[in-house]
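A.B. asks: Next up, run24.txt (compact mmCIF, C-alpha atoms).
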```txt
# COMPACT_ATOMS: atom_id res chain seq x y z
CA MET A 84 -6.69 61.44 24.92
CA LEU A 85 -3.39 62.28 23.23
CA GLU A 86 -2.17 65.82 23.78
CA ALA A 87 0.99 65.84 21.65
CA SER A 88 0.79 67.13 18.10
CA PHE A 89 3.20 64.40 16.88
CA LEU A 90 3.77 60.81 17.94
CA ASN A 91 7.49 61.33 18.82
CA LEU A 92 8.76 57.78 18.38
CA SER A 93 12.27 58.89 19.31
CA ASP A 94 11.05 59.79 22.82
CA ARG A 95 9.43 56.38 23.39
CA HIS A 96 10.98 53.12 24.56
CA TRP A 97 10.68 50.22 22.10
CA GLN A 98 9.25 47.91 24.79
CA ASP A 99 6.23 50.22 25.21
CA GLY A 100 4.96 49.59 21.68
CA ALA A 101 3.37 46.36 20.48
CA VAL A 102 3.87 45.47 16.82
CA SER A 103 1.50 43.05 15.08
CA VAL A 104 1.86 41.90 11.45
CA TRP A 105 -0.57 39.91 9.31
CA PRO A 106 -0.81 39.09 5.58
CA ALA A 107 -3.18 41.22 3.47
CA TRP A 108 -3.09 39.56 0.02
CA GLU A 109 -0.77 37.93 -2.51
CA VAL A 110 -0.58 38.01 -6.31
CA GLN A 111 1.08 35.14 -8.19
CA GLU A 112 2.73 36.19 -11.44
CA GLY A 113 4.97 34.15 -13.68
CA GLY A 114 7.49 32.39 -11.46
CA GLY A 115 7.19 34.78 -8.53
CA ALA A 116 4.74 36.41 -6.21
CA THR A 117 4.07 39.85 -4.77
CA ALA A 118 2.69 39.89 -1.24
CA TRP A 119 1.26 42.70 0.88
CA PHE A 120 1.32 42.77 4.69
CA ASN A 121 -0.41 44.97 7.24
CA ALA A 122 1.54 46.01 10.33
CA ARG A 123 0.29 47.93 13.35
CA LEU A 124 2.32 49.60 16.09
CA ASP A 125 0.13 50.22 19.18
CA PHE A 126 0.97 52.17 22.34
CA PRO A 127 -0.83 52.07 25.70
CA ASP A 128 -1.80 55.77 25.43
CA GLY A 129 -3.87 55.10 22.28
CA ALA A 130 -1.28 56.20 19.72
CA ARG A 131 -0.91 53.89 16.74
CA VAL A 132 0.76 53.55 13.35
CA ASP A 133 -0.70 51.41 10.53
CA VAL A 134 1.61 50.32 7.70
CA LEU A 135 1.00 48.53 4.39
CA ALA A 136 4.19 46.80 3.19
CA VAL A 137 4.84 44.98 -0.08
CA VAL A 138 7.33 42.17 -0.71
CA ALA A 139 8.36 41.67 -4.33
CA GLY A 140 11.51 40.13 -5.73
CA GLY A 141 12.93 39.55 -2.25
CA ARG A 142 12.66 43.26 -1.41
CA LEU A 143 10.44 44.83 1.22
CA SER A 144 9.09 48.36 0.86
CA LEU A 145 6.46 50.44 2.63
CA GLU A 146 3.52 51.42 0.49
CA ASP A 147 1.30 53.32 2.94
CA VAL A 148 1.76 54.71 6.46
CA ARG A 149 -1.03 56.15 8.62
CA ALA A 150 -0.52 57.37 12.16
CA GLN A 151 -2.62 58.83 14.95
CA PRO A 152 -1.31 61.32 16.03
CA PRO A 153 0.67 62.17 12.87
CA LEU A 154 4.34 61.27 12.43
CA SER A 155 6.99 63.93 11.97
CA LEU A 156 9.66 63.32 9.31
CA ASP A 157 12.10 62.28 12.05
CA ASP A 158 9.52 59.78 13.37
CA LEU A 159 9.01 58.40 9.88
CA ALA A 160 12.74 57.62 9.70
CA GLU A 161 12.55 56.10 13.21
CA LEU A 162 9.56 53.91 12.26
CA ALA A 163 11.78 51.41 10.43
CA ASP A 164 13.63 50.57 13.64
CA TRP A 165 10.33 49.83 15.38
CA ILE A 166 8.70 47.57 12.78
CA GLU A 167 11.41 45.98 10.66
CA GLY A 168 12.10 42.93 12.88
CA PRO A 169 8.50 41.71 13.18
CA LEU A 170 7.76 42.73 9.57
CA PHE A 171 10.76 40.87 8.14
CA GLY A 172 9.89 37.88 10.32
CA ALA A 173 6.31 37.74 9.01
CA CYS A 174 7.42 38.26 5.40
CA GLY A 175 10.01 35.51 5.58
CA THR A 176 12.96 37.72 4.62
CA ALA A 177 16.24 37.60 6.51
CA SER A 178 16.93 39.85 9.47
CA GLY A 179 18.91 39.67 12.64
CA PRO A 180 20.75 41.74 15.23
CA VAL A 181 23.07 44.32 13.77
CA GLU A 182 26.77 44.14 14.48
CA GLY A 183 28.22 47.65 14.65
CA SER A 184 25.03 49.28 13.38
CA ALA A 185 23.89 52.83 13.88
CA PRO A 186 22.74 53.67 17.43
CA GLY A 187 19.12 52.71 18.02
CA SER A 188 18.94 50.24 15.17
CA ARG A 189 18.13 46.70 16.28
CA TYR A 190 18.04 44.80 12.98
CA ALA A 191 20.33 44.03 10.06
CA ALA A 192 17.93 45.03 7.29
CA ALA A 193 18.86 47.97 5.14
CA ARG A 194 17.17 51.29 5.87
CA ARG A 195 16.15 51.75 2.25
CA ALA A 196 14.18 48.79 0.92
CA ARG A 197 13.77 50.07 -2.63
CA PRO A 198 16.49 49.68 -5.26
CA ALA A 199 18.35 52.72 -6.54
CA TRP A 200 16.49 54.10 -9.56
CA PRO A 201 18.01 56.67 -11.93
CA ARG A 202 16.37 60.06 -12.20
CA GLY A 203 15.60 62.12 -15.28
CA THR A 204 15.59 60.82 -18.83
CA GLU A 205 17.28 57.51 -17.97
CA GLY A 206 14.70 56.76 -15.26
CA ARG A 207 11.78 57.61 -17.57
CA ARG A 208 13.27 55.37 -20.28
CA LEU A 209 13.58 52.45 -17.84
CA VAL A 210 10.00 52.99 -16.61
CA ALA A 211 8.77 52.91 -20.21
CA GLU A 212 10.72 49.68 -20.88
CA GLU A 213 9.27 47.99 -17.78
CA TYR A 214 5.76 49.18 -18.67
CA LEU A 215 5.92 48.01 -22.30
CA THR A 216 7.53 44.66 -21.44
CA ALA A 217 4.83 43.87 -18.89
CA GLN A 218 2.13 44.95 -21.33
CA ARG A 219 3.52 42.65 -24.07
CA GLU A 220 3.73 39.71 -21.65
CA GLY A 221 0.18 40.23 -20.41
CA TYR A 222 1.03 41.44 -16.90
CA ASP A 223 -0.22 44.54 -15.10
CA PRO A 224 2.20 47.26 -16.32
CA VAL A 225 1.66 49.50 -13.28
CA LEU A 226 2.45 46.63 -10.92
CA ALA A 227 5.57 45.86 -12.98
CA VAL A 228 6.77 49.45 -12.55
CA MET A 229 5.94 49.28 -8.83
CA CYS A 230 8.01 46.10 -8.45
CA ALA A 231 10.93 47.43 -10.49
CA THR A 232 11.17 50.78 -8.74
CA GLY A 233 10.02 49.81 -5.25
CA HIS A 234 7.73 52.84 -5.19
CA SER A 235 4.06 53.01 -4.24
CA ARG A 236 1.29 52.82 -6.82
CA ARG A 237 0.80 56.59 -6.72
CA LYS A 238 4.50 57.36 -7.26
CA SER A 239 4.72 54.71 -10.00
CA LEU A 240 1.74 56.26 -11.81
CA ARG A 241 3.50 59.64 -11.63
CA MET A 242 6.64 58.07 -13.11
CA ILE A 243 4.58 56.48 -15.92
CA ALA A 244 2.95 59.85 -16.61
CA GLY A 245 6.43 61.39 -16.84
CA ALA A 246 7.42 58.76 -19.41
CA ARG A 247 4.22 59.53 -21.36
CA ASP A 248 4.96 63.27 -21.24
CA ALA A 249 8.48 62.57 -22.55
CA GLY A 250 6.98 60.73 -25.53
CA LEU A 251 8.28 57.31 -24.48
CA LEU A 252 4.78 55.84 -24.09
CA ALA A 253 1.64 56.30 -26.17
CA PRO A 254 -0.92 58.83 -24.89
CA ARG A 255 -3.38 57.37 -22.39
CA HIS A 256 -6.47 58.39 -24.40
CA ALA A 257 -6.66 58.65 -28.17
CA ARG A 258 -7.54 62.16 -29.33
CA ARG A 259 -10.54 62.41 -31.65
```
Could you render the structure from this file as structure tokens?

C.D. replies:
Amino acid sequence: MLEASFLNLSDRHWQDGAVSVWPAWEVQEGGGATAWFNARLDFPDGARVDVLAVVAGGRLSLEDVRAQPPLSLDDLAELADWIEGPLFGACGTASGPVEGSAPGSRYAAARRARPAWPRGTEGRRLVAEEYLTAQREGYDPVLAVMCATGHSRRKSLRMIAGARDAGLLAPRHARR
């Protein structure tokens, strides 16, 4: 039984954990595809971290993370160093040993997988454009916003709601 209140990845040696990655599902759209992968980090003492990652447009981002025991914010930042090599290998994106990287990092992939997205009015305007373009072309508009921003479904729905509140998108339900 685990006694610690947090997993403390920074106190563990990387050889103690076993990372396994397997495909979850894939959606073909237009000329590209969006693929989801499950990853699990297991430790001999029963601690584990489950991750759902999405690959879209050549970018990899984490969509969901569940851990037993829970991860602290420091451990969440440390998680990338533990899983990025096997995850990038399974996803087919490039990775390799880092030359002159930050201490503790073992792979060349960037820490932040999602593209920079403007905040405020400009960000809401871009979300609305992505949403409306996907809608016109017959694609899932929420998935289009997810792919463009690199955010999870929940965060993308919040961004879409912000664009609606700003008057950039039609109301979700017609008032009677």

A.B. asks: Excluding same-chain residues fewer than 4 positions from A:Gly100, what lies within 8 Å of it counting only C-alpha atoms, as a ChimeraX atom specification?

C.D. replies: /A:96,124-127

A.B. asks: Please produce, as a tab-separated table, a per-residue contact table for stretch 152-176 of chain A versus stretch 101-107 of chain A (criterion: any atom at most 10 Å away, all atoms listed in the file considered), showing the nearest atom pair and its distance in Å to one decimal, sorted by chain then residue number.

C.D. replies:
```
residue	atom	partner	partner_atom	distance
A:Trp165	CA	A:Val102	CA	7.9
A:Ile166	CA	A:Val102	CA	6.6
A:Glu167	CA	A:Val102	CA	9.7
A:Gly168	CA	A:Val102	CA	9.5
A:Pro169	CA	A:Val104	CA	6.9
A:Leu170	CA	A:Val104	CA	6.2
A:Phe171	CA	A:Val104	CA	9.6
A:Gly172	CA	A:Val104	CA	9.1
A:Ala173	CA	A:Val104	CA	6.6
A:Cys174	CA	A:Pro106	CA	8.3
```

A.B. asks: Measuring atom to atom with only C-alpha atoms, identify which of A:Leu90, A:Gly113, A:Arg255, A:Glu205 is nearest to A:Gly221.

C.D. replies: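 Nearest candidate to A:Gly221 out of A:Leu90, A:Gly113, A:Arg255, A:Glu205: A:Gly113.
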
A.B. asks: Which protein, DNA or RNA residues are at most 10 Å from (8.3, 51.6, -6.5) in the file's coordinates when you count all atoms listed in the file, listed as a list in words?

C.D. replies: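 Looking at atoms near the point gives Val137, Ser144, Leu145, Glu146, Ala196, Arg197, Pro198, Trp200, Val225, Leu226, Ala227, Val228, Met229, Cys230, Ala231, Thr232, Gly233, His234, Ser235, Arg236, Arg237, Lys238, Ser239, Leu240 and Met242 of chain A.
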
A.B. asks: Let me see the file: selected residues, C-alpha atoms, as a compact mmCIF listing (two decimals), in the frame of the given file.

C.D. replies:
```txt
# COMPACT_ATOMS: atom_id res chain seq x y z
CA VAL A 137 4.84 44.98 -0.08
CA SER A 144 9.09 48.36 0.86
CA LEU A 145 6.46 50.44 2.63
CA GLU A 146 3.52 51.42 0.49
CA ALA A 196 14.18 48.79 0.92
CA ARG A 197 13.77 50.07 -2.63
CA PRO A 198 16.49 49.68 -5.26
CA TRP A 200 16.49 54.10 -9.56
CA VAL A 225 1.66 49.50 -13.28
CA LEU A 226 2.45 46.63 -10.92
CA ALA A 227 5.57 45.86 -12.98
CA VAL A 228 6.77 49.45 -12.55
CA MET A 229 5.94 49.28 -8.83
CA CYS A 230 8.01 46.10 -8.45
CA ALA A 231 10.93 47.43 -10.49
CA THR A 232 11.17 50.78 -8.74
CA GLY A 233 10.02 49.81 -5.25
CA HIS A 234 7.73 52.84 -5.19
CA SER A 235 4.06 53.01 -4.24
CA ARG A 236 1.29 52.82 -6.82
CA ARG A 237 0.80 56.59 -6.72
CA LYS A 238 4.50 57.36 -7.26
CA SER A 239 4.72 54.71 -10.00
CA LEU A 240 1.74 56.26 -11.81
CA MET A 242 6.64 58.07 -13.11
```

A.B. asks: Just how far from atom CA of A:Leu143 is atom CA of A:Ala130, in Å to one decimal?

C.D. replies: 24.7 Å

A.B. asks: Counting only C-alpha atoms, which of A:Thr117, A:Pro152, A:Pro201, A:Leu215 gets nearest to A:Val138?

C.D. replies: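 Of the candidates, the smallest distance to A:Val138 is held by A:Thr117.
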
A.B. asks: Just the number, please: distance in Å from atom CA of A:Asp223 to atom CA of A:Gln111, one decimal.

C.D. replies: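 Taking atom CA of A:Asp223 and atom CA of A:Gln111, their separation equals 11.7 Å.
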
A.B. asks: Tell me which of A:Val148, A:Val134, A:Ala211, A:Ala217 sits closest to A:Ala253, counting only C-alpha atoms.

C.D. replies: A:Ala211

A.B. asks: Kindly indicate which residue among A:Gln151, A:Glu112, A:Arg142, A:Gln218 lies nearest to A:Gly129, using only C-alpha atoms for the distances.

C.D. replies: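 Smallest separation from A:Gly129 among the options: A:Gln151.
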
A.B. asks: Could you state the separation of atom CA of A:Pro224 and atom CA of A:Gly141 in Å, given to one decimal place?

C.D. replies: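 Separation between atom CA of A:Pro224 and atom CA of A:Gly141: 19.3 Å.
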